[in-house]
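Notes follow the structure.
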Amino acid sequence: MSEKNRTEVDQLGEFGLIERISKDVEINHPTTIKGIGDDAAVIDCGEDYMVVSTDMLLEGIHFDLSFMPLQHLGYKAIAVNVSDIAAMNALPEQVTVSIAITNRFSVEAIDMIYQGIKAACKNYNVDLVGGDTTSSRAGLVISVSVTGRVAKDKIVYRSGAKKGDILCLSGDIGGAYMGLQVLLREKKVYEANPEMQPKLDDYEYIVGRQLRPEARTDVIHDLKEIGIVPTSMIDVSDGVASEIMHLCKASGVGAAIYEQKLPVDQRTFDACHEFKIPSVTPGLNGGEDYELLFTIDQEDFKKVEKNPNIYFIGYIDEAENGARMVTVGDQVVPISAQGFKHF
Ligand code: ADP
Ligand code: MG
């Protein structure tokens, strides 16, 4: 390949690259119900659908071992995968875990990672059924694949949102991003002066959101109990702005969200104030909150209206309106996805 034809990956970005990869992928099996393009692939396994997803965590890209305890890392690797299963309205059943380790890691260190993995498996009721173990020259890699199951008439895609639907969030956003800002700041302080101990006590909530996120399988159970099947759903890994744009694109709709309705915890808000970051930014563009963003039919609103755990942040309308936010000052601004930059 001559360098003349060379295109840098960051010109396409993560989503552009995935689109390019998926362009001429053939689907030949009638059991493949949904391939690339949602939170998980959907496979017909008889009575139900099986959903399958995979997510890889790389040291230096997704985690920093100078502040990420190994047990938490193991837990998070499972949680972020289970989150994609929940985003299909499914419940997880099995995981495989592959690790690439450098000689920096002792057996005891690997044990700690697996303590976290096993705790998460227990918590989400999934079986660890396999994986792969190999060595790495530069940094730790953890790659997890996960399966889940859902009744065929209960599967939820990114593509089902329709005009009039209500946009909902399962929890507060922006905490994970602000937790990361605190951890990075304390790391810098420590590097400048190793005598200084990190001051994290005041930031327990947001640091916890970053280091120990939970997949919202509890919401999937709750929705089932209430008798609601969302019209579309996605999990918030890259920030609400990016996820809303995915829903709009996949569903061929537009959306309006209200800044005032975005759930930001007081502790996240306080950290934003301290870091002089507008409190709307971490939730929209930070990511890693692993809450569920979903749409429901207006008819279903009365079933969840009084549910304190569901936040109503906006509505769906026509595609030509695009995705936009109504600010506290009543201005309408287009939503642009900055998301988490992988490249
Ligand atoms: P999520 O953030 O929910 O994990 P991603 O943005 O990573 O989703 O992926 C979006 C879609 O693209 C998924 O269907 C995923 O399986 C698919 N995908 C991502 N990377 C690749 C790849 N290298 N080859 C094929 N499919 C991919
Ligand atoms: Mg996802």
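Identifiers for the structure tokens are assigned positionally: chains receive A, B, ... in sequence, residues are indexed from 1 per chain, and ligands are indexed from 1 in the order shown.
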Could I get the residue neighbourhood of ligand 1 at 8 Å, counting only C-alpha atoms and all ligand atoms, as a count of residues only? 23
Step one, run DSSP on the backbone; step two, keep only residues of range 43-268 of chain A assigned to helix (DSSP H, G or I); then write them as number ranges by chain. A: 70-86, 107-124, 152-154, 158-160, 175-192, 201-211, 217-226, 240-251, 259-261, 266-268
The selected residues should be written to file as a CSV table (one decimal), in the first residue's frame (atoms: C-alpha atoms).
chain,number,residue,atom,x,y,z
A,70,LEU,CA,-7.4,-4.2,40.1
A,71,GLN,CA,-10.6,-5.6,41.6
A,72,HIS,CA,-12.5,-2.6,40.4
A,73,LEU,CA,-11.1,-3.0,36.9
A,74,GLY,CA,-12.2,-6.6,36.8
A,75,TYR,CA,-15.7,-5.6,38.0
A,76,LYS,CA,-15.9,-2.7,35.5
A,77,ALA,CA,-14.9,-5.0,32.6
A,78,ILE,CA,-17.9,-7.2,33.2
A,79,ALA,CA,-20.3,-4.3,34.1
A,80,VAL,CA,-19.6,-2.4,30.8
A,81,ASN,CA,-20.3,-5.5,28.8
A,82,VAL,CA,-23.5,-6.4,30.7
A,83,SER,CA,-24.6,-2.8,30.1
A,84,ASP,CA,-24.8,-3.4,26.4
A,85,ILE,CA,-27.0,-6.5,27.0
A,86,ALA,CA,-29.3,-4.4,29.2
A,107,VAL,CA,-0.2,-14.1,40.0
A,108,GLU,CA,-1.6,-12.3,43.0
A,109,ALA,CA,-2.4,-9.2,40.8
A,110,ILE,CA,-4.3,-11.4,38.3
A,111,ASP,CA,-6.1,-13.0,41.3
A,112,MET,CA,-7.3,-9.5,42.3
A,113,ILE,CA,-8.6,-8.8,38.8
A,114,TYR,CA,-10.5,-12.0,38.9
A,115,GLN,CA,-11.9,-11.2,42.3
A,116,GLY,CA,-13.6,-8.3,40.7
A,117,ILE,CA,-14.7,-10.3,37.6
A,118,LYS,CA,-16.2,-13.0,39.8
A,119,ALA,CA,-18.0,-10.4,42.1
A,120,ALA,CA,-19.5,-8.9,39.0
A,121,CYS,CA,-20.5,-12.3,37.6
A,122,LYS,CA,-22.3,-13.1,40.9
A,123,ASN,CA,-24.0,-9.7,41.1
A,124,TYR,CA,-25.3,-9.8,37.5
A,152,LYS,CA,-38.6,-12.2,20.9
A,153,ASP,CA,-41.4,-9.7,21.4
A,154,LYS,CA,-39.4,-7.8,24.1
A,158,ARG,CA,-31.7,1.7,18.8
A,159,SER,CA,-34.0,2.0,15.8
A,160,GLY,CA,-37.5,2.0,17.2
A,175,GLY,CA,-20.6,11.8,37.6
A,176,ALA,CA,-18.2,9.3,36.0
A,177,TYR,CA,-16.5,12.0,34.0
A,178,MET,CA,-16.1,14.3,37.0
A,179,GLY,CA,-14.8,11.4,39.0
A,180,LEU,CA,-12.1,10.9,36.4
A,181,GLN,CA,-11.2,14.6,36.6
A,182,VAL,CA,-10.7,14.3,40.3
A,183,LEU,CA,-8.6,11.2,40.0
A,184,LEU,CA,-6.4,12.8,37.2
A,185,ARG,CA,-5.9,15.9,39.4
A,186,GLU,CA,-4.9,13.9,42.4
A,187,LYS,CA,-2.5,11.8,40.3
A,188,LYS,CA,-0.8,15.0,39.1
A,189,VAL,CA,-0.5,16.2,42.7
A,190,TYR,CA,1.0,12.9,43.8
A,191,GLU,CA,3.4,12.8,40.9
A,192,ALA,CA,4.6,16.3,41.7
A,201,ASP,CA,-13.0,11.5,50.7
A,202,ASP,CA,-15.1,14.4,49.5
A,203,TYR,CA,-15.5,12.9,46.1
A,204,GLU,CA,-16.6,9.4,47.0
A,205,TYR,CA,-19.7,9.4,44.9
A,206,ILE,CA,-18.3,10.6,41.6
A,207,VAL,CA,-15.0,8.6,42.0
A,208,GLY,CA,-17.2,5.6,42.6
A,209,ARG,CA,-19.2,6.4,39.4
A,210,GLN,CA,-15.9,6.3,37.5
A,211,LEU,CA,-14.2,3.3,39.2
A,217,THR,CA,-30.1,-4.7,34.8
A,218,ASP,CA,-32.3,-3.7,37.7
A,219,VAL,CA,-34.1,-1.3,35.3
A,220,ILE,CA,-34.7,-4.1,32.9
A,221,HIS,CA,-36.3,-6.1,35.7
A,222,ASP,CA,-38.4,-3.1,36.7
A,223,LEU,CA,-39.6,-2.3,33.2
A,224,LYS,CA,-40.7,-5.9,32.8
A,225,GLU,CA,-42.6,-5.7,36.0
A,226,ILE,CA,-44.3,-2.5,35.1
A,240,VAL,CA,-25.8,11.4,26.2
A,241,ALA,CA,-25.2,13.7,23.2
A,242,SER,CA,-23.5,10.9,21.3
A,243,GLU,CA,-26.1,8.3,22.3
A,244,ILE,CA,-29.1,10.6,21.4
A,245,MET,CA,-27.5,11.0,18.0
A,246,HIS,CA,-27.2,7.2,17.6
A,247,LEU,CA,-30.9,6.8,18.5
A,248,CYS,CA,-32.0,9.6,16.1
A,249,LYS,CA,-29.9,8.2,13.3
A,250,ALA,CA,-30.9,4.6,13.8
A,251,SER,CA,-34.6,5.5,14.2
A,259,GLU,CA,-31.1,21.1,29.8
A,260,GLN,CA,-33.1,21.7,32.9
A,261,LYS,CA,-34.4,18.1,32.9
A,266,GLN,CA,-25.5,17.6,43.5
A,267,ARG,CA,-22.1,16.0,44.0
A,268,THR,CA,-21.4,16.1,40.3
Could you list, as a list of chain:residue names, every residue within 6 Å of Gly283 in chain A, counting only C-alpha atoms and ignoring same-chain residues fewer than 5 positions away?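 Near Gly283 in chain A, the qualifying residues are A:Ile173, A:Gly174, A:Gly239.
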Please produce a file of the residues just selected, as a compact mmCIF listing (two decimals), in the first residue's frame, where the atoms kept are all heavy atoms.
# COMPACT_ATOMS: atom_id res chain seq x y z
N ILE A 173 -26.28 11.65 35.26
CA ILE A 173 -25.18 11.59 34.30
C ILE A 173 -24.08 12.60 34.66
O ILE A 173 -24.32 13.57 35.38
CB ILE A 173 -25.69 11.86 32.86
CG1 ILE A 173 -26.57 13.13 32.84
CG2 ILE A 173 -26.47 10.66 32.34
CD1 ILE A 173 -26.92 13.61 31.47
N GLY A 174 -22.90 12.33 34.13
CA GLY A 174 -21.78 13.27 34.31
C GLY A 174 -20.87 12.94 35.48
O GLY A 174 -19.75 13.44 35.56
N GLY A 239 -21.51 9.33 26.42
CA GLY A 239 -22.12 10.65 26.69
C GLY A 239 -23.50 10.73 26.03
O GLY A 239 -23.69 10.23 24.93
Pick the closest to Met56 in chain A from A:Ala323, A:Leu140, A:Cys168, A:Ile310: which is it, counting only C-alpha atoms?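 Among the listed residues, A:Leu140 lies closest to Met56 in chain A.
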Across A:Thr295, A:Gln197, A:Thr102, A:Ser170, the smallest distance to Gly139 in chain A, with only C-alpha atoms counted, is shown by A:Thr102
Counting only C-alpha atoms, which residue out of A:Pro230, A:Asp270, A:Tyr258, A:Ser98 sits closest to Met325 in chain A?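 Looking at the shortest contact to Met325 in chain A, the residue is A:Tyr258.
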Taking only C-alpha atoms and all ligand atoms into account, which of A:Gly329, A:Gly60, A:Gly287, A:Gly322 comes nearest ligand 2?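 Of A:Gly329, A:Gly60, A:Gly287, A:Gly322, the one nearest ligand 2, counting only C-alpha atoms and all ligand atoms, is A:Gly287.
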In terms of only C-alpha atoms and all ligand atoms, the residue from A:Lys23, A:Met88, A:Leu17, A:Gln11 at minimal distance from ligand 2 is A:Met88
Nearest residue to Ser336 in chain A out of A:Leu284, A:Ala255, A:Val126, A:Ile316, using only C-alpha atoms?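 Between A:Leu284, A:Ala255, A:Val126, A:Ile316, the residue approaching Ser336 in chain A most closely is A:Leu284.
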Find the residues around Asn103 in chain A up to 9 Å (only C-alpha atoms counted), leave out those fewer than 6 positions away in its own chain, and share them as a count of residues only. 3
